[in-house]
>>> print(open('final21.cif').read())   # mmCIF, C-alpha atoms (C1' of nucleotides)
data_input
loop_
_atom_site.label_atom_id
_atom_site.label_comp_id
_atom_site.auth_asym_id
_atom_site.auth_seq_id
_atom_site.Cartn_x
_atom_site.Cartn_y
_atom_site.Cartn_z
CA MET A 1 0.00 0.00 0.00
CA PRO A 2 1.12 3.59 -0.64
CA PRO A 3 2.78 5.38 2.26
CA LYS A 4 0.40 7.69 4.09
CA SER A 5 1.10 11.37 3.70
CA ASP A 6 3.68 12.53 6.19
CA LYS A 7 2.28 16.04 6.19
CA ARG A 8 0.96 15.85 9.71
CA GLU A 9 4.34 14.70 10.90
CA ARG A 10 6.10 17.50 9.03
CA LEU A 11 3.72 20.07 10.47
CA LEU A 12 4.31 18.77 13.97
CA LYS A 13 8.06 18.84 13.57
CA ALA A 14 8.05 22.39 12.24
CA ALA A 15 5.70 23.50 15.02
CA ARG A 16 7.92 21.91 17.64
CA ARG A 17 10.97 23.77 16.40
CA LEU A 18 9.29 27.11 15.74
CA ILE A 19 7.45 27.18 19.06
CA HIS A 20 10.73 26.58 20.85
CA GLN A 21 12.52 29.29 18.92
CA GLN A 22 9.84 31.97 18.73
CA GLY A 23 7.31 31.01 21.36
CA PHE A 24 3.78 29.83 20.72
CA GLN A 25 2.14 33.16 20.16
CA ARG A 26 4.75 34.62 17.82
CA THR A 27 4.63 31.49 15.69
CA THR A 28 1.97 31.92 13.02
CA LEU A 29 0.21 29.18 11.12
CA ALA A 30 1.77 30.65 8.02
CA ASP A 31 5.22 30.06 9.56
CA ILE A 32 4.44 26.45 10.33
CA ALA A 33 2.87 25.85 6.93
CA GLU A 34 5.80 27.35 5.08
CA GLN A 35 8.45 25.44 7.04
CA SER A 36 6.53 22.21 6.45
CA GLY A 37 5.99 22.74 2.74
CA VAL A 38 2.24 22.57 3.30
CA PRO A 39 -0.16 25.23 1.95
CA LEU A 40 -1.66 27.38 4.66
CA GLY A 41 -5.26 26.38 4.06
CA ASN A 42 -4.37 22.72 4.23
CA VAL A 43 -3.12 22.95 7.81
CA TYR A 44 -6.71 22.85 8.98
CA TYR A 45 -7.20 19.42 7.52
CA TYR A 46 -4.73 18.09 10.09
CA PHE A 47 -5.41 20.42 13.02
CA ARG A 48 -8.71 22.10 13.78
CA THR A 49 -7.17 25.09 15.53
CA LYS A 50 -3.83 26.54 16.49
CA ASP A 51 -4.44 25.37 20.05
CA GLU A 52 -4.74 21.82 18.75
CA ILE A 53 -1.23 22.15 17.36
CA VAL A 54 0.36 23.17 20.63
CA ARG A 55 -1.53 20.41 22.38
CA ALA A 56 -0.08 17.91 19.94
CA VAL A 57 3.40 19.36 20.42
CA ILE A 58 3.16 19.03 24.19
CA GLU A 59 1.86 15.49 24.06
CA ASP A 60 4.58 14.61 21.60
CA ARG A 61 7.21 16.03 23.95
CA THR A 62 5.80 14.10 26.88
CA GLN A 63 5.79 10.84 24.94
CA ARG A 64 9.34 11.41 23.75
CA PHE A 65 10.48 11.93 27.32
CA LEU A 66 8.68 8.82 28.57
CA ALA A 67 10.31 6.80 25.79
CA LEU A 68 13.74 8.09 26.81
CA ALA A 69 13.05 7.33 30.47
CA GLU A 70 12.03 3.79 29.59
CA GLY A 71 15.40 3.35 27.94
CA TRP A 72 17.25 4.67 30.98
CA GLU A 73 15.39 2.23 33.19
CA GLN A 74 17.39 -0.58 31.65
CA ASP A 75 19.96 0.45 34.23
CA PRO A 76 18.99 -0.84 37.68
CA ASP A 77 20.83 1.98 39.49
CA PRO A 78 18.56 5.03 39.99
CA GLY A 79 21.64 7.20 40.47
CA LYS A 80 22.90 6.27 37.02
CA ARG A 81 19.44 6.88 35.59
CA LEU A 82 19.50 10.42 36.94
CA HIS A 83 22.92 10.77 35.39
CA CYS A 84 21.39 9.81 32.03
CA PHE A 85 18.69 12.43 32.52
CA LEU A 86 21.39 15.05 33.05
CA GLU A 87 23.00 14.21 29.73
CA MET A 88 19.88 15.55 28.05
CA PRO A 89 20.38 19.27 28.75
CA VAL A 90 24.10 18.92 28.07
CA SER A 91 23.49 17.65 24.57
CA ILE A 92 21.37 20.65 23.61
CA ASP A 93 23.01 23.33 25.73
CA ARG A 94 23.49 25.75 22.84
CA SER A 95 19.88 25.42 21.83
CA ILE A 96 18.83 26.12 25.41
CA ALA A 97 21.13 29.12 25.70
CA ALA A 98 19.64 30.49 22.49
CA HIS A 99 15.95 29.88 23.17
CA GLY A 100 15.52 28.57 26.70
CA CYS A 101 14.32 25.13 27.76
CA PRO A 102 11.65 24.02 25.26
CA VAL A 103 9.62 22.48 28.06
CA GLY A 104 9.89 25.20 30.68
CA SER A 105 9.52 28.22 28.44
CA LEU A 106 6.39 26.85 26.82
CA SER A 107 4.93 25.99 30.20
CA GLN A 108 5.42 29.55 31.36
CA GLU A 109 4.01 31.08 28.22
CA LEU A 110 0.86 28.99 28.31
CA SER A 111 0.34 29.58 32.03
CA LYS A 112 -0.30 33.21 31.12
CA LYS A 113 -2.95 32.29 28.58
CA GLY A 114 -5.66 31.85 31.19
CA ASP A 115 -7.71 29.16 29.42
CA GLY A 116 -7.80 25.55 30.50
CA HIS A 117 -4.29 25.44 29.09
CA ALA A 118 -2.78 25.60 32.56
CA GLU A 119 -3.31 21.88 32.98
CA LEU A 120 -1.89 20.88 29.63
CA ALA A 121 0.95 23.39 29.76
CA GLY A 122 2.84 21.65 32.53
CA GLN A 123 2.29 18.10 31.37
CA THR A 124 5.82 17.41 30.21
CA LEU A 125 7.52 19.14 33.11
CA ARG A 126 5.27 17.27 35.53
CA ALA A 127 6.20 13.97 33.89
CA GLN A 128 9.88 14.79 34.28
CA LEU A 129 9.42 15.83 37.89
CA ASP A 130 7.48 12.67 38.73
CA TRP A 131 10.10 10.46 37.14
CA VAL A 132 13.01 12.19 38.88
CA THR A 133 11.24 12.07 42.23
CA GLU A 134 10.64 8.35 41.78
CA GLN A 135 14.37 7.80 41.28
CA PHE A 136 15.17 9.56 44.55
CA ARG A 137 12.53 7.42 46.22
CA LEU A 138 14.18 4.30 44.85
CA LEU A 139 17.42 5.57 46.33
CA GLY A 140 15.71 5.29 49.70
CA ARG A 141 15.21 8.98 50.32
CA ALA A 142 12.20 9.92 52.44
CA ASP A 143 12.51 13.51 51.19
CA ALA A 144 12.37 12.43 47.55
CA GLU A 145 9.80 15.04 46.65
CA LEU A 146 11.93 17.89 47.97
CA LEU A 147 14.97 16.57 46.15
CA GLY A 148 12.96 16.26 42.95
CA HIS A 149 11.95 19.89 43.20
CA GLN A 150 15.53 20.88 43.83
CA PHE A 151 16.76 18.84 40.87
CA ILE A 152 14.25 20.16 38.34
CA ALA A 153 14.33 23.71 39.68
CA THR A 154 18.08 23.85 39.27
CA LEU A 155 17.83 22.67 35.67
CA GLN A 156 15.05 25.08 34.80
CA GLY A 157 16.70 27.99 36.55
CA SER A 158 20.06 27.29 34.94
CA SER A 159 18.41 27.13 31.54
CA LEU A 160 16.75 30.47 32.08
CA LEU A 161 20.00 31.98 33.29
CA ALA A 162 22.03 30.54 30.42
CA ASN A 163 19.42 31.92 28.05
CA THR A 164 19.31 35.36 29.63
CA LEU A 165 23.08 35.72 29.78
CA ASN A 166 23.52 33.89 26.49
CA ARG A 167 26.11 31.70 28.16
CA PRO A 168 25.74 27.92 27.67
CA GLU A 169 28.50 27.30 30.20
CA VAL A 170 26.24 28.38 33.03
CA LEU A 171 23.93 25.46 32.28
CA ILE A 172 26.81 23.02 31.85
CA GLU A 173 28.42 24.14 35.08
CA GLN A 174 25.24 23.59 37.09
CA VAL A 175 24.56 20.24 35.45
CA GLU A 176 28.03 19.07 36.42
CA ARG A 177 27.36 20.15 39.96
CA LEU A 178 24.10 18.20 39.94
CA LYS A 179 25.92 15.11 38.69
CA GLN A 180 28.24 15.20 41.67
CA TRP A 181 25.33 15.91 43.96
CA VAL A 182 23.44 12.87 42.66
CA GLN A 183 26.51 10.72 42.99
CA SER A 184 26.77 11.64 46.66
CA PHE A 185 23.45 9.85 47.17
CA SER A 186 24.56 6.61 45.56
CA ALA A 187 27.96 6.48 47.24
CA GLY A 188 27.35 7.94 50.69
CA GLU A 189 26.34 5.51 53.43
CA LYS A 190 24.55 8.22 55.35
CA GLY A 191 22.50 9.16 52.31
CA GLY A 192 23.99 12.20 50.64
CA LYS A 193 23.91 15.87 51.35
CA THR A 194 20.66 17.60 52.09
CA THR A 195 21.62 20.92 50.61
CA MET B 1 2.45 74.86 40.80
CA PRO B 2 -0.18 72.38 39.67
CA PRO B 3 0.73 68.69 39.98
CA LYS B 4 1.88 67.19 36.72
CA SER B 5 -0.43 64.64 35.19
CA ASP B 6 0.17 61.21 36.65
CA LYS B 7 -0.95 59.49 33.47
CA ARG B 8 2.46 58.24 32.54
CA GLU B 9 2.84 56.76 35.98
CA ARG B 10 -0.58 55.13 35.78
CA LEU B 11 0.21 53.69 32.38
CA LEU B 12 3.48 52.28 33.64
CA LYS B 13 1.86 50.71 36.67
CA ALA B 14 -0.87 49.07 34.60
CA ALA B 15 1.69 47.84 32.06
CA ARG B 16 3.83 46.38 34.82
CA ARG B 17 0.91 44.42 36.23
CA LEU B 18 -0.61 43.32 32.93
CA ILE B 19 2.70 42.24 31.43
CA HIS B 20 3.34 40.09 34.48
CA GLN B 21 -0.11 38.51 34.37
CA GLN B 22 -0.61 38.08 30.63
CA GLY B 23 2.84 38.39 29.15
CA PHE B 24 4.06 41.21 26.93
CA GLN B 25 2.61 40.07 23.66
CA ARG B 26 -0.86 39.19 24.92
CA THR B 27 -1.12 42.58 26.60
CA THR B 28 -2.58 45.06 24.15
CA LEU B 29 -2.26 48.81 24.28
CA ALA B 30 -6.03 48.88 24.67
CA ASP B 31 -5.66 46.77 27.84
CA ILE B 32 -3.10 49.12 29.28
CA ALA B 33 -5.08 52.20 28.31
CA GLU B 34 -8.28 50.86 29.81
CA GLN B 35 -6.69 49.82 33.11
CA SER B 36 -5.04 53.22 33.40
CA GLY B 37 -8.13 55.22 32.59
CA VAL B 38 -6.32 56.76 29.65
CA PRO B 39 -7.83 56.86 26.15
CA LEU B 40 -6.10 54.57 23.69
CA GLY B 41 -4.92 57.24 21.33
CA ASN B 42 -3.38 59.21 24.17
CA VAL B 43 -0.97 56.45 25.09
CA TYR B 44 1.24 57.54 22.23
CA TYR B 45 1.77 60.91 23.80
CA TYR B 46 3.67 59.20 26.62
CA PHE B 47 5.24 56.27 24.76
CA ARG B 48 6.24 56.23 21.10
CA THR B 49 5.75 52.51 20.64
CA LYS B 50 4.72 49.41 22.54
CA ASP B 51 8.37 48.43 22.75
CA GLU B 52 9.06 51.71 24.54
CA ILE B 53 6.57 50.65 27.20
CA VAL B 54 8.23 47.34 27.94
CA ARG B 55 11.58 49.07 28.00
CA ALA B 56 10.25 51.49 30.60
CA VAL B 57 8.80 48.61 32.62
CA ILE B 58 12.12 46.78 32.66
CA GLU B 59 14.10 49.84 33.63
CA ASP B 60 11.57 50.59 36.33
CA ARG B 61 11.95 47.06 37.70
CA THR B 62 15.73 47.36 37.67
CA GLN B 63 15.66 50.66 39.51
CA ARG B 64 13.23 49.30 42.09
CA PHE B 65 15.54 46.39 42.76
CA LEU B 66 18.60 48.60 43.07
CA ALA B 67 16.72 50.79 45.54
CA LEU B 68 15.80 47.75 47.62
CA ALA B 69 19.36 46.49 47.51
CA GLU B 70 20.63 49.84 48.70
CA GLY B 71 18.34 49.52 51.71
CA TRP B 72 19.61 46.05 52.50
CA GLU B 73 23.17 47.28 52.39
CA GLN B 74 22.54 49.14 55.64
CA ASP B 75 23.31 45.77 57.17
CA PRO B 76 27.08 45.12 57.15
CA ASP B 77 26.63 41.33 57.07
CA PRO B 78 26.40 40.03 53.46
CA GLY B 79 24.73 36.86 54.74
CA LYS B 80 21.92 38.89 56.27
CA ARG B 81 21.63 40.90 53.06
CA LEU B 82 21.07 37.72 51.11
CA HIS B 83 18.48 36.77 53.68
CA CYS B 84 16.68 40.05 52.94
CA PHE B 85 16.78 39.27 49.24
CA LEU B 86 15.10 35.94 49.96
CA GLU B 87 12.23 37.65 51.73
CA MET B 88 11.26 39.17 48.39
CA PRO B 89 9.94 36.02 46.66
CA VAL B 90 8.31 34.90 49.91
CA SER B 91 6.23 38.05 50.12
CA ILE B 92 4.74 37.57 46.64
CA ASP B 93 4.70 33.78 46.48
CA ARG B 94 1.05 33.57 45.43
CA SER B 95 1.58 36.04 42.66
CA ILE B 96 4.55 34.02 41.44
CA ALA B 97 2.63 30.76 41.60
CA ALA B 98 -0.14 32.35 39.55
CA HIS B 99 1.94 34.10 36.89
CA GLY B 100 5.59 33.16 37.33
CA CYS B 101 8.44 35.43 38.33
CA PRO B 102 7.82 38.85 36.76
CA VAL B 103 11.51 39.24 36.01
CA GLY B 104 12.31 35.77 34.71
CA SER B 105 9.19 35.19 32.64
CA LEU B 106 9.56 38.49 30.83
CA SER B 107 13.21 37.83 30.20
CA GLN B 108 12.34 34.52 28.56
CA GLU B 109 9.55 35.96 26.48
CA LEU B 110 11.66 38.78 25.11
CA SER B 111 14.59 36.49 24.40
CA LYS B 112 12.39 34.84 21.78
CA LYS B 113 11.65 38.16 20.11
CA GLY B 114 14.88 38.21 18.13
CA ASP B 115 15.37 41.98 18.00
CA GLY B 116 17.96 43.84 20.01
CA HIS B 117 15.68 43.10 22.94
CA ALA B 118 17.94 40.31 24.12
CA GLU B 119 20.18 42.83 25.84
CA LEU B 120 17.41 44.77 27.53
CA ALA B 121 15.40 41.68 28.42
CA GLY B 122 17.84 40.37 31.00
CA GLN B 123 18.74 43.69 32.54
CA THR B 124 16.92 43.19 35.83
CA LEU B 125 17.92 39.58 36.25
CA ARG B 126 21.52 40.50 35.52
CA ALA B 127 21.40 43.23 38.15
CA GLN B 128 20.10 40.74 40.70
CA LEU B 129 22.75 38.20 39.77
CA ASP B 130 25.54 40.75 40.00
CA TRP B 131 24.38 41.92 43.39
CA VAL B 132 24.03 38.42 44.80
CA THR B 133 27.42 37.41 43.45
CA GLU B 134 28.97 40.44 45.08
CA GLN B 135 27.57 39.37 48.46
CA PHE B 136 29.17 35.95 48.14
CA ARG B 137 32.41 37.65 47.23
CA LEU B 138 32.18 39.78 50.34
CA LEU B 139 31.72 36.56 52.29
CA GLY B 140 35.18 35.62 51.08
CA ARG B 141 34.16 33.01 48.58
CA ALA B 142 36.47 32.55 45.60
CA ASP B 143 33.67 30.72 43.78
CA ALA B 144 31.24 33.58 44.26
CA GLU B 145 30.14 33.52 40.63
CA LEU B 146 29.17 29.86 40.77
CA LEU B 147 27.29 30.38 44.00
CA GLY B 148 25.48 33.35 42.49
CA HIS B 149 24.35 31.24 39.57
CA GLN B 150 23.19 28.54 41.95
CA PHE B 151 21.31 31.05 44.09
CA ILE B 152 19.47 32.78 41.24
CA ALA B 153 18.89 29.56 39.29
CA THR B 154 17.22 27.97 42.30
CA LEU B 155 14.90 30.93 42.70
CA GLN B 156 14.01 31.10 39.04
CA GLY B 157 13.53 27.35 38.75
CA SER B 158 11.40 27.19 41.88
CA SER B 159 9.26 30.03 40.59
CA LEU B 160 8.70 28.22 37.31
CA LEU B 161 7.90 25.00 39.12
CA ALA B 162 5.54 26.67 41.58
CA ASN B 163 3.83 28.32 38.63
CA THR B 164 3.58 25.13 36.58
CA LEU B 165 2.26 23.06 39.47
CA ASN B 166 0.25 25.97 40.84
CA ARG B 167 1.76 25.30 44.24
CA PRO B 168 3.25 28.30 46.07
CA GLU B 169 4.67 25.98 48.74
CA VAL B 170 7.26 24.69 46.30
CA LEU B 171 8.78 28.16 46.07
CA ILE B 172 8.59 28.72 49.83
CA GLU B 173 10.18 25.37 50.54
CA GLN B 174 13.15 26.06 48.28
CA VAL B 175 13.59 29.58 49.61
CA GLU B 176 13.76 28.21 53.15
CA ARG B 177 16.39 25.76 52.02
CA LEU B 178 18.38 28.60 50.46
CA LYS B 179 18.17 30.57 53.71
CA GLN B 180 19.79 27.71 55.61
CA TRP B 181 22.31 27.28 52.85
CA VAL B 182 23.29 30.95 53.00
CA GLN B 183 23.55 30.79 56.77
CA SER B 184 26.02 27.93 56.51
CA PHE B 185 28.40 30.38 54.82
CA SER B 186 28.20 32.96 57.55
CA ALA B 187 28.50 30.51 60.44
CA GLY B 188 30.86 27.85 59.13
CA GLU B 189 34.56 28.47 59.78
CA LYS B 190 35.56 26.35 56.80
CA GLY B 191 33.33 28.35 54.49
CA GLY B 192 30.04 26.56 53.98
CA LYS B 193 28.92 23.71 51.79
CA THR B 194 29.84 23.66 48.15
CA THR B 195 26.74 21.83 47.01
"C1'" DG C 1 -2.07 68.15 26.14
"C1'" DT C 2 -6.17 65.40 25.30
"C1'" DC C 3 -9.24 62.69 22.75
"C1'" DT C 4 -12.02 60.45 18.58
"C1'" DA C 5 -11.82 58.27 14.49
"C1'" DT C 6 -9.47 55.58 11.44
"C1'" DA C 7 -5.63 53.80 8.55
"C1'" DT C 8 -2.69 49.79 7.95
"C1'" DG C 9 -1.13 45.36 8.53
"C1'" DT C 10 -1.41 40.77 10.35
"C1'" DT C 11 -3.54 36.48 11.80
"C1'" DG C 12 -6.67 32.66 12.71
"C1'" DA C 13 -10.04 30.54 10.36
"C1'" DT C 14 -13.48 29.38 6.42
"C1'" DA C 15 -15.52 28.62 1.63
"C1'" DG C 16 -15.49 26.15 -2.04
"C1'" DA C 17 -13.17 24.58 -6.55
"C1'" DC C 18 -10.65 20.54 -7.94
"C1'" DG D 1 -7.50 14.94 0.39
"C1'" DT D 2 -5.50 19.15 -1.51
"C1'" DC D 3 -5.18 23.90 -2.51
"C1'" DT D 4 -6.47 29.11 -3.62
"C1'" DA D 5 -8.78 32.91 -2.32
"C1'" DT D 6 -10.66 35.45 1.11
"C1'" DC D 7 -13.25 36.79 5.36
"C1'" DA D 8 -13.56 38.83 9.93
"C1'" DA D 9 -11.30 40.22 14.00
"C1'" DC D 10 -7.92 42.41 16.16
"C1'" DA D 11 -3.72 45.37 17.23
"C1'" DT D 12 -0.39 48.92 16.45
"C1'" DA D 13 0.00 53.23 15.07
"C1'" DT D 14 -1.43 57.84 12.99
"C1'" DA D 15 -4.31 62.01 11.64
"C1'" DG D 16 -6.25 65.71 13.06
"C1'" DA D 17 -10.06 68.21 15.72
"C1'" DC D 18 -10.46 70.46 20.14
#
>>> encode(input="final21.cif", output="C-alpha cells")
Amino acid sequence: MPPKSDKRERLLKAARRLIHQQGFQRTTLADIAEQSGVPLGNVYYYFRTKDEIVRAVIEDRTQRFLALAEGWEQDPDPGKRLHCFLEMPVSIDRSIAAHGCPVGSLSQELSKKGDGHAELAGQTLRAQLDWVTEQFRLLGRADAELLGHQFIATLQGSSLLANTLNRPEVLIEQVERLKQWVQSFSAGEKGGKTT
Amino acid sequence: MPPKSDKRERLLKAARRLIHQQGFQRTTLADIAEQSGVPLGNVYYYFRTKDEIVRAVIEDRTQRFLALAEGWEQDPDPGKRLHCFLEMPVSIDRSIAAHGCPVGSLSQELSKKGDGHAELAGQTLRAQLDWVTEQFRLLGRADAELLGHQFIATLQGSSLLANTLNRPEVLIEQVERLKQWVQSFSAGEKGGKTT
DNA sequence: GTCTATATGTTGATAGAC
DNA sequence: GTCTATCAACATATAGAC
C-alpha cells in the first residue's frame, strides 16, 4: 500500500521547532505551513485550531520523554538513571542558551494564557518531575519530593539563566554540579547531602 | 504649581501588572489604556511605541531592585543581606505561583523576540545576579560567581515550578532551604557547603 | 495636552473549486 | 485529500479636531 502522507508529521516537527525558537504566540500558522511545505489552508485538515497544534506538540514532547526514560530504566541503578537524565540538557546546551528550555519556556508562556491550558501546559515538566522524584525514592530517600523539586528547579533555573546571559557554560556548570550531587546519594552511606 | 499629570505613571503601573499577568505580547495597548483610565490614542503621547513601554517597565523594575538592595546594604553582614533578598519572593509567592516570576518570565519571552531586545530583556535579572554574586564575594568566597548562579537559578527554577504546578509551597520550601544554605556560609569556619 | 476616528497590517479561520 | 482565495477580527499606530 502507498505510504500515508507525512504532512501531519512534518507540520508537527516544524511546530515543535518554531514554538521553541519563537514562542507559541509569535509562531503563526503561516510560519508552520511554510516550514513544512504545506499550503496554509491545508493545515486545517490536520489540526482544527492553532491550540490543537500546541496540544499535539506538548503530548509529543511528553511521549518522547517517557520513551527516553524507559530506555534509561534498563539500568537498575537510579543514580545512574539520573545521570542519564542530566546528559539531556548537556546535549542541547546551545539550543537552550539560544531559546531557553523548550519544556519550561512553553509551560510559562501557556500559564499566562488563562484558558484551560494551565493543565496541559505543565504536562511534560510534571512527567519529568514525577520520574526524577521516583528515582530519589528508589534511592531510599524519604525527602524524595523535595529533592525532585531541587533537581528540576536547578535545571530550569540554569536554563533560564544561560538563556538570559547567552552563556551555555552556566547550564553546563550547574549540570556538572548536579551530577556530583546525585553521585553523593549513591555512594554515601549516610545518604547524601541535604543541601 | 499644579501637579503634573500622573498618566504616565498610571500607564506604567498598569503595564507592569498586565505584562506580568498576561505576558508582553498578549497585553494590548487597549488593555493598558483601559486599566489606566487613559484613552487609547493618548498612550502615544507618553510612549512612542509598545516596545518603549516594555523598556520602561524593565528599567523601572531594575531601579526598584537597586533601591531595595541599597536599603539592605545598611546591614554590614552580606549573609543577612542575602536573607533580605530571599524575603522578596516569599512576600509575593502567590503572585509568582499564579503568573511566574515577573523578572524571569519576561526575560524569557523577550529572548524569543529576536530583535535587540535580548540585551534589555535580561537587565533586571543581571542586576540581581551581579548583586548576589557580590555578596558571596564579600563573604570571602572565591567561587562567588558559581554560587550566584546557583542562588538565582534555584529561585528562578522554583518560581517556574511553583507556577507550573500551581503550588506556592514549592517556592517557599526552596527559599527556606536557600536561607539555611546561606547561613552555613556565615556561620561555618571552613566556608560553607559547596553543594 | 487630550481625545475620537481611522488607517494599515497581520492572523486565525473558512468557503469552495478541484 | 489538496489547494487558492478570502473573510472577519484584532492590534499597532497615525491624523487631526479640540
>>> residues_around(input="final21.cif", residues="DT11 of chain C", least_positions_apart="5", cutoff="12 Å", atoms="only C-alpha atoms (C1' of nucleotides)", output="list in words")
Gln25, Arg26, Thr27, Thr28, Leu29, Ala30, Asp31, Leu40 and Lys50 of chain A; DC7, DA8, DA9, DC10 and DA11 of chain D
>>> residues_around(input="final21.cif", residues="DC3 of chain D", least_positions_apart="2", cutoff="10 Å", atoms="all atoms listed in the file", output="VMD selection string")
(chain A and resid 38 to 42) or (chain C and resid 17 to 18) or (chain D and resid 1 5)
>>> atom_distance(input="final21.cif", atom1="atom CA of Ala56 of chain B", atom2="atom CA of Ala33 of chain B")
15.5 Å
>>> closest_residue(input="final21.cif", among="A:Arg48, A:Arg55, A:Arg94, A:Arg167", to="chain C", atoms="all atoms listed in the file")
A:Arg48
>>> resolve_selection(input="final21.cif", expression="the PyMOL selection byres ((chain D) within 12 of (chain B))", output="PDB file with C-alpha atoms (C1' of nucleotides), keeping the file's coordinate frame")
ATOM      1  C1'  DC D  10      -7.920  42.410  16.160  1.00  0.00           C
ATOM      2  C1'  DA D  11      -3.720  45.370  17.230  1.00  0.00           C
ATOM      3  C1'  DT D  12      -0.390  48.920  16.450  1.00  0.00           C
ATOM      4  C1'  DA D  13       0.000  53.230  15.070  1.00  0.00           C
ATOM      5  C1'  DT D  14      -1.430  57.840  12.990  1.00  0.00           C
ATOM      6  C1'  DA D  15      -4.310  62.010  11.640  1.00  0.00           C
ATOM      7  C1'  DG D  16      -6.250  65.710  13.060  1.00  0.00           C
TER       8       DG D  16
END
>>> resolve_selection(input="final21.cif", expression="the PyMOL selection byres ((chain B) within 8 of (chain A))", output="NGL selection string")
:B and (21-23 or 25 or 99-100 or 104-105 or 107-109 or 111-113 or 118 or 121-122 or 125-126 or 149-150 or 152-158 or 160-161 or 163-165 or 170 or 174 or 177 or 181 or 193 or 195)
>>> atom_distance(input="final21.cif", atom1="atom CA of Thr124 of chain A", atom2="atom CA of Ser186 of chain A")
26.5 Å
>>> resolve_selection(input="final21.cif", expression="the PyMOL selection byres ((chain C) within 12 of (chain A))", output="list in words")
DT10, DT11, DG12, DA13, DT14, DA15 and DG16 of chain C
>>> closest_residue(input="final21.cif", among="B:Ala15, B:Lys7, B:Arg137, B:Glu176", to="Asp51 of chain B", atoms="only C-alpha atoms")
B:Ala15
>>> atom_distance(input="final21.cif", atom1="atom CA of Phe24 of chain B", atom2="atom CA of Ser95 of chain B")
16.7 Å
>>> residues_around(input="final21.cif", residues="segment 86-93 of chain A", least_positions_apart="2", cutoff="7 Å", atoms="all atoms listed in the file", output="list of chain:residue names")
A:Leu82, A:His83, A:Cys84, A:Ser95, A:Ile96, A:Ala97, A:Pro168, A:Leu171, A:Ile172, A:Val175
